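> final_37.tsv is reproduced below (TSV, C-alpha atoms and all ligand atoms).
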```
chain	number	residue	atom	x	y	z
A	21	MET	CA	-8.84	2.22	-10.56
A	22	ARG	CA	-8.90	4.93	-13.22
A	23	LYS	CA	-10.80	8.17	-13.24
A	24	ASN	CA	-10.55	10.83	-15.93
A	25	PHE	CA	-11.29	14.40	-15.08
A	26	ILE	CA	-13.61	16.34	-17.30
A	27	ALA	CA	-13.96	20.06	-16.66
A	28	SER	CA	-17.55	21.10	-17.18
A	29	GLU	CA	-18.61	24.66	-17.91
A	30	GLY	CA	-18.48	26.79	-14.77
A	31	GLY	CA	-17.69	23.75	-12.71
A	32	VAL	CA	-13.97	23.48	-12.76
A	33	HIS	CA	-13.95	22.99	-9.04
A	34	GLY	CA	-17.56	22.07	-8.49
A	35	LYS	CA	-19.05	22.58	-5.05
A	36	ALA	CA	-15.76	23.23	-3.37
A	37	PHE	CA	-15.69	26.74	-4.75
A	38	LEU	CA	-19.33	27.70	-4.32
A	39	GLY	CA	-19.53	31.00	-2.48
A	40	ARG	CA	-15.89	31.73	-3.20
A	41	PRO	CA	-15.98	33.52	-6.54
A	42	GLN	CA	-12.43	34.77	-6.20
A	43	LEU	CA	-11.12	31.23	-6.03
A	44	GLN	CA	-13.38	30.07	-8.79
A	45	ASN	CA	-12.16	32.81	-11.12
A	46	GLU	CA	-8.60	32.03	-10.29
A	47	ALA	CA	-9.18	28.37	-11.08
A	48	ALA	CA	-10.82	29.21	-14.39
A	49	GLN	CA	-7.96	31.53	-15.30
A	50	LEU	CA	-5.41	28.89	-14.43
A	51	LEU	CA	-7.31	26.34	-16.44
A	52	GLU	CA	-7.06	28.61	-19.43
A	53	GLU	CA	-3.39	29.36	-18.96
A	54	GLY	CA	-2.55	25.76	-18.27
A	55	THR	CA	-4.34	24.06	-21.10
A	56	SER	CA	-6.05	25.88	-23.90
A	57	SER	CA	-3.34	28.49	-24.40
A	58	ALA	CA	-0.47	26.05	-24.11
A	59	THR	CA	1.36	25.64	-27.37
A	60	GLU	CA	3.71	22.91	-28.47
A	61	LYS	CA	6.76	24.94	-27.56
A	62	ASP	CA	5.49	25.53	-24.02
A	63	SER	CA	7.31	23.29	-21.66
A	64	PRO	CA	6.47	21.68	-19.39
A	65	LYS	CA	3.08	21.13	-20.87
A	66	VAL	CA	0.10	20.58	-18.60
A	67	ILE	CA	-1.82	17.50	-19.58
A	68	ARG	CA	-5.53	16.94	-18.82
A	69	LEU	CA	-8.09	19.18	-17.20
A	70	PRO	CA	-8.70	19.75	-13.50
A	71	GLY	CA	-11.34	17.87	-11.54
A	72	PRO	CA	-13.02	18.63	-8.24
A	73	VAL	CA	-11.04	19.59	-5.16
A	74	PRO	CA	-11.22	16.75	-2.63
A	75	ASP	CA	-13.30	17.68	0.44
A	76	TYR	CA	-10.50	17.09	2.92
A	77	LEU	CA	-8.22	19.51	1.04
A	78	GLN	CA	-10.88	22.20	0.90
A	79	LYS	CA	-11.80	21.73	4.55
A	80	HIS	CA	-8.43	21.22	6.24
A	81	TYR	CA	-5.82	22.56	3.82
A	82	TRP	CA	-7.44	25.52	2.09
A	83	TRP	CA	-4.93	27.73	3.91
A	84	ALA	CA	-1.94	25.69	2.77
A	85	TYR	CA	-2.66	24.70	-0.82
A	86	VAL	CA	-6.04	25.76	-2.17
A	87	HIS	CA	-6.33	29.50	-1.61
A	88	PRO	CA	-4.56	31.62	-4.29
A	89	ARG	CA	-2.62	33.46	-1.61
A	90	ALA	CA	-1.48	30.19	-0.04
A	91	VAL	CA	1.01	29.46	-2.79
A	92	ARG	CA	2.49	32.93	-2.68
A	93	PHE	CA	2.84	32.74	1.07
A	94	TRP	CA	4.05	29.16	1.60
A	95	ASP	CA	6.24	28.45	-1.38
A	96	ARG	CA	9.46	29.63	0.22
A	97	GLN	CA	12.17	27.13	0.79
A	98	TRP	CA	13.15	28.60	4.17
A	99	LEU	CA	9.56	28.45	5.40
A	100	ILE	CA	9.09	24.83	4.36
A	101	ASN	CA	12.42	24.09	5.97
A	102	LEU	CA	11.19	25.77	9.16
A	103	ILE	CA	7.99	23.72	9.18
A	104	LEU	CA	10.11	20.59	8.88
A	105	PHE	CA	12.34	21.84	11.72
A	106	GLY	CA	15.30	22.41	9.42
A	107	ASN	CA	14.99	19.00	7.74
A	108	PHE	CA	13.66	19.84	4.27
A	109	ILE	CA	16.95	19.59	2.42
A	110	ARG	CA	18.00	16.49	4.28
A	111	LEU	CA	14.71	14.71	3.60
A	112	ARG	CA	14.62	15.88	0.00
A	113	ASP	CA	18.15	14.56	-0.53
A	114	GLN	CA	17.33	11.31	1.23
A	115	ALA	CA	14.49	10.80	-1.21
A	116	LEU	CA	16.69	11.73	-4.18
A	117	ALA	CA	19.43	9.40	-2.98
A	118	GLU	CA	17.15	6.55	-4.05
A	119	PHE	CA	17.71	7.66	-7.63
A	120	TRP	CA	21.47	7.86	-7.66
A	121	PRO	CA	23.04	8.72	-10.03
A	122	TYR	CA	19.91	8.92	-12.16
A	123	ALA	CA	16.26	7.99	-12.23
A	124	TYR	CA	16.03	5.84	-15.34
A	125	GLY	CA	12.91	5.38	-17.41
A	126	ARG	CA	9.65	6.80	-16.13
A	127	THR	CA	9.23	8.41	-12.74
A	128	LEU	CA	5.99	9.49	-11.10
A	129	GLN	CA	5.79	12.16	-8.40
A	130	VAL	CA	2.44	12.01	-6.63
A	131	ALA	CA	1.49	15.62	-5.71
A	132	CYS	CA	3.45	18.86	-5.94
A	133	VAL	CA	5.79	19.94	-3.18
A	134	TYR	CA	6.71	23.48	-2.17
A	135	GLY	CA	10.38	24.45	-2.46
A	136	ASP	CA	12.75	22.97	-5.02
A	137	PHE	CA	11.90	19.30	-4.63
A	138	THR	CA	10.70	18.72	-8.19
A	139	VAL	CA	13.41	20.93	-9.69
A	140	LYS	CA	16.04	18.74	-8.05
A	141	LEU	CA	14.23	15.55	-8.97
A	142	ALA	CA	14.05	16.72	-12.59
A	143	GLU	CA	17.84	17.12	-12.57
A	144	ARG	CA	18.07	13.43	-11.66
A	145	ILE	CA	16.05	12.22	-14.62
A	146	ALA	CA	18.32	10.23	-16.92
A	147	PRO	CA	18.57	11.30	-20.56
A	148	GLY	CA	15.51	10.00	-22.34
A	149	GLY	CA	13.61	9.58	-19.08
A	150	ILE	CA	10.39	11.34	-18.09
A	151	LEU	CA	9.09	12.67	-14.80
A	152	ASP	CA	5.30	12.86	-14.53
A	153	VAL	CA	3.88	14.98	-11.70
A	154	VAL	CA	0.22	14.64	-10.76
A	155	ASP	CA	-1.62	17.09	-8.53
A	156	VAL	CA	-5.29	17.69	-8.02
A	157	LEU	CA	-5.02	21.49	-7.69
A	158	PRO	CA	-4.53	23.69	-10.78
A	159	ILE	CA	-2.90	26.38	-8.69
A	160	GLN	CA	-0.24	23.95	-7.52
A	161	ILE	CA	0.43	22.64	-11.01
A	162	GLN	CA	0.76	26.17	-12.37
A	163	ASN	CA	3.08	27.15	-9.57
A	164	LEU	CA	5.31	24.17	-10.25
A	165	ARG	CA	5.26	24.93	-13.95
A	166	ARG	CA	6.73	28.35	-13.20
A	167	LYS	CA	9.65	26.83	-11.35
A	168	LEU	CA	10.73	24.40	-14.05
A	169	SER	CA	13.25	25.23	-16.71
A	170	ASN	CA	12.60	24.92	-20.38
A	171	PRO	CA	13.26	22.36	-21.79
A	172	THR	CA	12.57	19.92	-18.98
A	173	PRO	CA	11.83	16.22	-18.84
A	174	VAL	CA	8.77	16.96	-16.67
A	175	ARG	CA	5.13	16.50	-17.63
A	176	LEU	CA	2.44	17.96	-15.40
A	177	HIS	CA	-0.99	16.45	-14.90
A	178	TYR	CA	-4.12	17.48	-13.09
A	179	GLY	CA	-5.28	14.34	-11.39
A	180	ASP	CA	-6.28	12.69	-8.17
A	181	SER	CA	-3.88	10.31	-6.49
A	182	THR	CA	-6.80	7.99	-5.77
A	183	GLY	CA	-7.48	7.43	-9.47
A	184	LEU	CA	-4.34	7.90	-11.52
A	185	ASP	CA	-4.89	8.11	-15.22
A	186	PHE	CA	-2.01	5.82	-16.12
A	187	ASP	CA	-1.95	2.20	-17.17
A	188	ASP	CA	-0.87	-0.55	-14.81
A	189	ALA	CA	2.91	-1.03	-14.62
A	190	THR	CA	3.82	2.27	-16.29
A	191	PHE	CA	6.51	3.61	-13.95
A	192	ASP	CA	9.98	2.49	-12.93
A	193	GLN	CA	9.74	4.52	-9.72
A	194	VAL	CA	7.11	6.44	-7.81
A	195	ILE	CA	7.72	9.07	-5.17
A	196	VAL	CA	5.19	10.07	-2.53
A	197	PHE	CA	6.71	12.91	-0.50
A	198	PHE	CA	4.67	14.06	2.53
A	199	VAL	CA	1.31	13.29	0.94
A	200	LEU	CA	-0.15	10.45	3.01
A	201	HIS	CA	-0.40	12.36	6.30
A	202	GLU	CA	-2.67	14.89	4.61
A	203	GLN	CA	-5.21	12.31	3.52
A	204	PRO	CA	-7.99	10.56	5.45
A	205	VAL	CA	-7.41	6.85	5.77
A	206	GLY	CA	-9.66	5.69	2.91
A	207	VAL	CA	-8.07	8.20	0.53
A	208	ARG	CA	-4.61	7.26	1.74
A	209	GLU	CA	-5.23	3.59	1.08
A	210	ARG	CA	-6.37	4.32	-2.45
A	211	THR	CA	-3.35	6.58	-3.06
A	212	VAL	CA	-0.98	3.79	-2.01
A	213	GLU	CA	-2.94	1.24	-4.01
A	214	GLU	CA	-2.69	3.40	-7.11
A	215	ALA	CA	1.04	4.01	-6.63
A	216	VAL	CA	1.53	0.24	-6.50
A	217	ARG	CA	-0.73	-0.38	-9.47
A	218	VAL	CA	1.15	1.94	-11.82
A	219	LEU	CA	4.56	0.60	-10.73
A	220	LYS	CA	6.39	-1.84	-13.01
A	221	PRO	CA	7.59	-5.16	-11.61
A	222	GLY	CA	11.07	-4.50	-10.22
A	223	GLY	CA	10.24	-0.83	-9.59
A	224	LYS	CA	10.24	0.96	-6.25
A	225	ILE	CA	8.06	3.41	-4.38
A	226	VAL	CA	9.71	5.96	-2.10
A	227	PHE	CA	7.57	7.34	0.71
A	228	VAL	CA	8.81	10.18	2.92
A	229	GLU	CA	6.56	10.97	5.85
A	230	TYR	CA	6.05	11.80	9.49
A	231	HIS	CA	6.67	9.10	12.09
A	232	ARG	CA	6.26	8.82	15.86
A	233	PRO	CA	9.27	10.50	17.45
A	234	VAL	CA	11.20	9.04	20.35
A	235	ARG	CA	9.81	9.77	23.82
A	236	TRP	CA	12.61	12.15	24.76
A	237	HIS	CA	12.25	14.22	21.60
A	238	PRO	CA	12.66	17.90	22.61
A	239	LEU	CA	9.78	18.86	20.32
A	240	HIS	CA	7.35	17.10	22.65
A	241	LEU	CA	7.94	20.10	24.89
A	242	VAL	CA	6.41	22.38	22.27
A	243	PHE	CA	3.27	20.25	22.16
A	244	LEU	CA	4.11	18.88	18.77
A	245	GLU	CA	1.35	16.29	18.73
A	246	PRO	CA	-1.54	18.67	19.63
A	247	ILE	CA	-0.27	21.22	17.10
A	248	LEU	CA	-0.09	18.61	14.37
A	249	ARG	CA	-3.56	17.34	15.33
A	250	VAL	CA	-5.01	20.79	14.72
A	251	LEU	CA	-3.06	21.75	11.59
A	252	GLU	CA	-2.72	18.29	10.07
A	253	PRO	CA	-5.62	16.28	11.50
A	254	PHE	CA	-4.78	13.01	9.75
A	255	SER	CA	-1.09	13.07	10.58
A	256	PRO	CA	-1.38	11.12	13.88
A	257	ASP	CA	-2.14	8.07	11.71
A	258	LEU	CA	1.49	8.19	10.58
A	259	TRP	CA	2.55	8.18	14.21
A	260	ASN	CA	0.41	5.18	15.02
A	261	HIS	CA	0.55	2.97	11.94
A	262	PRO	CA	3.35	1.74	9.69
A	263	ILE	CA	3.05	2.82	6.06
A	264	THR	CA	3.18	-0.85	5.07
A	265	GLU	CA	-0.26	-1.26	6.65
A	266	TRP	CA	-1.77	0.59	3.68
A	267	LEU	CA	-0.04	-1.45	0.98
A	268	PRO	CA	-2.50	-3.45	-1.12
A	269	LYS	CA	-2.75	-7.11	-0.21
A	270	ASN	CA	-2.92	-8.35	-3.80
A	271	ARG	CA	0.75	-7.71	-4.58
A	272	THR	CA	3.71	-8.81	-2.47
A	273	PRO	CA	6.76	-6.55	-2.17
A	274	THR	CA	10.15	-8.12	-2.76
A	275	ALA	CA	11.82	-5.73	-0.29
A	276	ILE	CA	10.87	-3.07	2.24
A	277	ARG	CA	13.43	-0.69	3.70
A	278	LYS	CA	12.77	1.89	6.40
A	279	GLN	CA	15.00	4.67	7.69
A	280	LEU	CA	14.21	7.12	10.49
A	281	TYR	CA	15.44	10.69	10.89
A	282	PHE	CA	15.52	13.51	13.42
A	283	GLY	CA	14.71	11.50	16.53
A	284	ASN	CA	12.34	9.33	14.47
A	285	LEU	CA	10.01	12.23	13.63
A	286	TYR	CA	10.46	11.45	9.93
A	287	GLN	CA	10.68	8.24	7.95
A	288	LYS	CA	11.66	7.09	4.50
A	289	VAL	CA	10.12	3.81	3.42
A	290	VAL	CA	11.23	2.23	0.17
A	291	VAL	CA	9.08	-0.57	-1.15
A	292	THR	CA	10.30	-2.65	-4.08
A	293	TYR	CA	8.00	-4.93	-6.09
A	301	LIG	C1	2.74	16.87	-1.35
A	301	LIG	S1	1.67	17.52	-0.27
A	301	LIG	C2	2.67	18.49	0.79
A	301	LIG	C3	4.15	18.33	0.73
A	301	LIG	C4	4.92	19.26	1.59
A	301	LIG	N1	4.33	19.37	2.92
A	301	LIG	C5	5.12	20.61	0.97
A	301	LIG	O1	5.66	21.44	1.59
A	301	LIG	O2	4.80	20.87	-0.16
A	301	LIG	C6	0.74	18.81	-0.92
A	301	LIG	C7	0.17	18.60	-2.27
A	301	LIG	O3	-0.62	17.43	-2.31
A	301	LIG	C8	-1.67	17.66	-3.19
A	301	LIG	N2	-2.71	16.66	-2.98
A	301	LIG	C9	-3.40	16.42	-1.86
A	301	LIG	N3	-4.30	15.44	-2.05
A	301	LIG	C10	-4.17	15.05	-3.35
A	301	LIG	C11	-4.81	14.07	-4.15
A	301	LIG	N4	-5.79	13.32	-3.67
A	301	LIG	N5	-4.40	13.93	-5.42
A	301	LIG	C12	-3.41	14.70	-5.93
A	301	LIG	N6	-2.78	15.65	-5.23
A	301	LIG	C13	-3.15	15.82	-3.94
A	301	LIG	C14	-2.09	19.08	-2.86
A	301	LIG	O4	-2.85	19.66	-3.90
A	301	LIG	C15	-0.75	19.75	-2.65
A	301	LIG	O5	-0.26	20.34	-3.82
```
Here is a file; write its structure as structure tokens.
Ligand SMILES: C[S@@+](CC[C@H](N)C(=O)[O-])C[C@H]1O[C@@H](n2cnc3c(N)ncnc32)[C@H](O)[C@@H]1O


Amino acid sequence: MRKNFIASEGGVHGKAFLGRPQLQNEAAQLLEEGTSSATEKDSPKVIRLPGPVPDYLQKHYWWAYVHPRAVRFWDRQWLINLILFGNFIRLRDQALAEFWPYAYGRTLQVACVYGDFTVKLAERIAPGGILDVVDVLPIQIQNLRRKLSNPTPVRLHYGDSTGLDFDDATFDQVIVFFVLHEQPVGVRERTVEEAVRVLKPGGKIVFVEYHRPVRWHPLHLVFLEPILRVLEPFSPDLWNHPITEWLPKNRTPTAIRKQLYFGNLYQKVVVTY
């Protein structure tokens, strides 16, 4: 499935921003900074124009990703580490360990991540390789752009994970780091389907996500599940279903590997095709 974004006049974010002029202005400003004023020597360059903000992001995650102040507030490594109960660096490194010593060829990161995840991933890109990062929010793309060095092997794209603007079998590896639990099931299925579609034969997809913790997990005492239900309403799906359930049926993996961390609260699933 492919879906190009076309930014229409005054409608960078369509309905999602109606009644929120501050956000709309911010989006328009970012659009300008990120595309029309970018010159050849700007790196990383932002490719393609933004599309609409998905409803679930606007409704459930405006406070985390969409609002201009959200980025300023949340993009602190220690805070992200706190939210992951001290596991950010461990999980980041577990994901990166899949690309040891280097990620060769083309790598796709589906969605931006707060903290230094992409910076570290970019350091793993083998000479001549490219890392493409796709995110649906201009503010997130611009924030990531700020964090990357120049020159960098990273290319940034506005785009929706449910309709990636890449040909079939483009990437040697795809990484999906804490994205699926934020998406409603239909969206999640399409995200996984797209990740598989753009993967080359022999390539692998690395998912890092929540998982149902063991019964005796001390965090049950702090009402982890109800808190997650309120703040991350789709996350219980990751507790109750294996990620493999959302893999498309039309392509058979050659290997699936799963590792659990921190009393099973987190999982890494590596699917090779
Ligand atoms: C990767 S997830 C969160 C990861 C992690 N919790 C963190 O601290 O950053 C958040 C990103 O996913 C992006 N995102 C959510 N739904 C998306 C979609 N359908 N397509 C592309 N990006 C999406 C959001 O815009 C946001 O930048």

> Which is closer to Arg92 (chain A) than all the others in A:Gly135, A:Pro246, A:Gly71, A:Gly106, using all atoms listed in the file?

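For Arg92 (chain A), the nearest of the candidates is A:Gly135.
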
> What is the distance, in Å and to one decimal place, between CA of His240 (chain A) and atom O1 of ligand LIG 301 (chain A)?

21.6 Å

> Given the point (-0.6, 15.6, 10.8) in the file's coordinates, find the residues that have an atom at most 8 Å from it, counting all atoms listed in the file, and give them as a PyMOL selection string.

chain A and resi 201-202+230+248-258

> Have a look at CA of Val199 (chain A) and atom C2 of ligand LIG 301 (chain A) and let me know their distance in Å, one decimal.

5.4 Å

> Please, what distance in Å, to one decimal, runs between CA of Gln162 (chain A) and atom N2 of ligand LIG 301 (chain A)?

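Taking CA of Gln162 (chain A) and atom N2 of ligand LIG 301 (chain A), their separation equals 13.8 Å.
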
> Show me which residues are within 6 Å of ligand LIG 301 (chain A) counting all atoms listed in the file, and format the list as a PDB file with C-alpha atoms, in the frame of the given file.


```pdb
ATOM      1  CA  TYR A  85      -2.660  24.700  -0.820  1.00  0.00           C
ATOM      2  CA  ILE A 100       9.090  24.830   4.360  1.00  0.00           C
ATOM      3  CA  ALA A 131       1.490  15.620  -5.710  1.00  0.00           C
ATOM      4  CA  CYS A 132       3.450  18.860  -5.940  1.00  0.00           C
ATOM      5  CA  VAL A 133       5.790  19.940  -3.180  1.00  0.00           C
ATOM      6  CA  TYR A 134       6.710  23.480  -2.170  1.00  0.00           C
ATOM      7  CA  ASP A 155      -1.620  17.090  -8.530  1.00  0.00           C
ATOM      8  CA  VAL A 156      -5.290  17.690  -8.020  1.00  0.00           C
ATOM      9  CA  LEU A 157      -5.020  21.490  -7.690  1.00  0.00           C
ATOM     10  CA  GLN A 160      -0.240  23.950  -7.520  1.00  0.00           C
ATOM     11  CA  GLY A 179      -5.280  14.340 -11.390  1.00  0.00           C
ATOM     12  CA  ASP A 180      -6.280  12.690  -8.170  1.00  0.00           C
ATOM     13  CA  SER A 181      -3.880  10.310  -6.490  1.00  0.00           C
ATOM     14  CA  THR A 182      -6.800   7.990  -5.770  1.00  0.00           C
ATOM     15  CA  PHE A 197       6.710  12.910  -0.500  1.00  0.00           C
ATOM     16  CA  PHE A 198       4.670  14.060   2.530  1.00  0.00           C
ATOM     17  CA  VAL A 199       1.310  13.290   0.940  1.00  0.00           C
TER      18      VAL A 199
END
```

> Using only C-alpha atoms for the distances, tell me which of A:Phe93, A:Phe137, A:Tyr293, A:Trp236 is nearest to Arg110 (chain A).

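Distance minimum relative to Arg110 (chain A) lands on A:Phe137.
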
> Could you list, as a PyMOL selection string, every residue within 8 Å of Pro64 (chain A), counting only C-alpha atoms and ignoring same-chain residues fewer than 4 positions away?

chain A and resi 165+168+170-176

> Skip region 192-195 of chain A itself and residues of its chain fewer than 4 positions away, then list as a PyMOL selection string all residues within 10 Å of it, counting only C-alpha atoms.

chain A and resi 115-116+118-119+123-131+141+151-153+199+215-216+218-228+290-292

> Using only C-alpha atoms, what does the table of region 84-112 of chain A residues within 12 Å of region 274-289 of chain A look like, with each row giving the shortest atom pair and its distance in Å to one decimal, sorted by chain and ascending number, as a Markdown table?


```
| residue | atom | partner | partner_atom | distance |
| --- | --- | --- | --- | --- |
| A:Leu104 | CA | A:Tyr286 | CA | 9.2 |
| A:Phe105 | CA | A:Phe282 | CA | 9.1 |
| A:Gly106 | CA | A:Phe282 | CA | 9.8 |
| A:Asn107 | CA | A:Phe282 | CA | 7.9 |
| A:Phe108 | CA | A:Tyr286 | CA | 10.6 |
| A:Arg110 | CA | A:Tyr281 | CA | 9.2 |
| A:Leu111 | CA | A:Lys288 | CA | 8.3 |
| A:Arg112 | CA | A:Lys288 | CA | 10.3 |
```

> Could you tell me which of A:Gly206, A:Gly149, A:Pro158, A:Pro72 comes closest to Val91 (chain A) if we count all atoms listed in the file?

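Checking each of A:Gly206, A:Gly149, A:Pro158, A:Pro72 against Val91 (chain A), counting all atoms listed in the file, the winner is A:Pro158.
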
> Return as AutoDock Vina command-line options the centre and edge lengths, in Å with one decimal, of the box along x, y and z that encloses every atom of region 146-162 of chain A in the file, padded by 3 Å per side.


```
--center_x 6.6 --center_y 18.0 --center_z -14.9 --size_x 29.9 --size_y 22.8 --size_z 20.8
```

> Determine the nearest neighbour of Trp82 (chain A) from the options A:Val66, A:Thr138, A:Thr190, A:Ile159, counting all atoms listed in the file.

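Of A:Val66, A:Thr138, A:Thr190, A:Ile159, the one nearest Trp82 (chain A), counting all atoms listed in the file, is A:Ile159.
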
> Of the candidates A:Leu164, A:Val205, A:Val242, A:Ile67, which one gets nearest to Ile263 (chain A) if we count all atoms listed in the file?

A:Val205
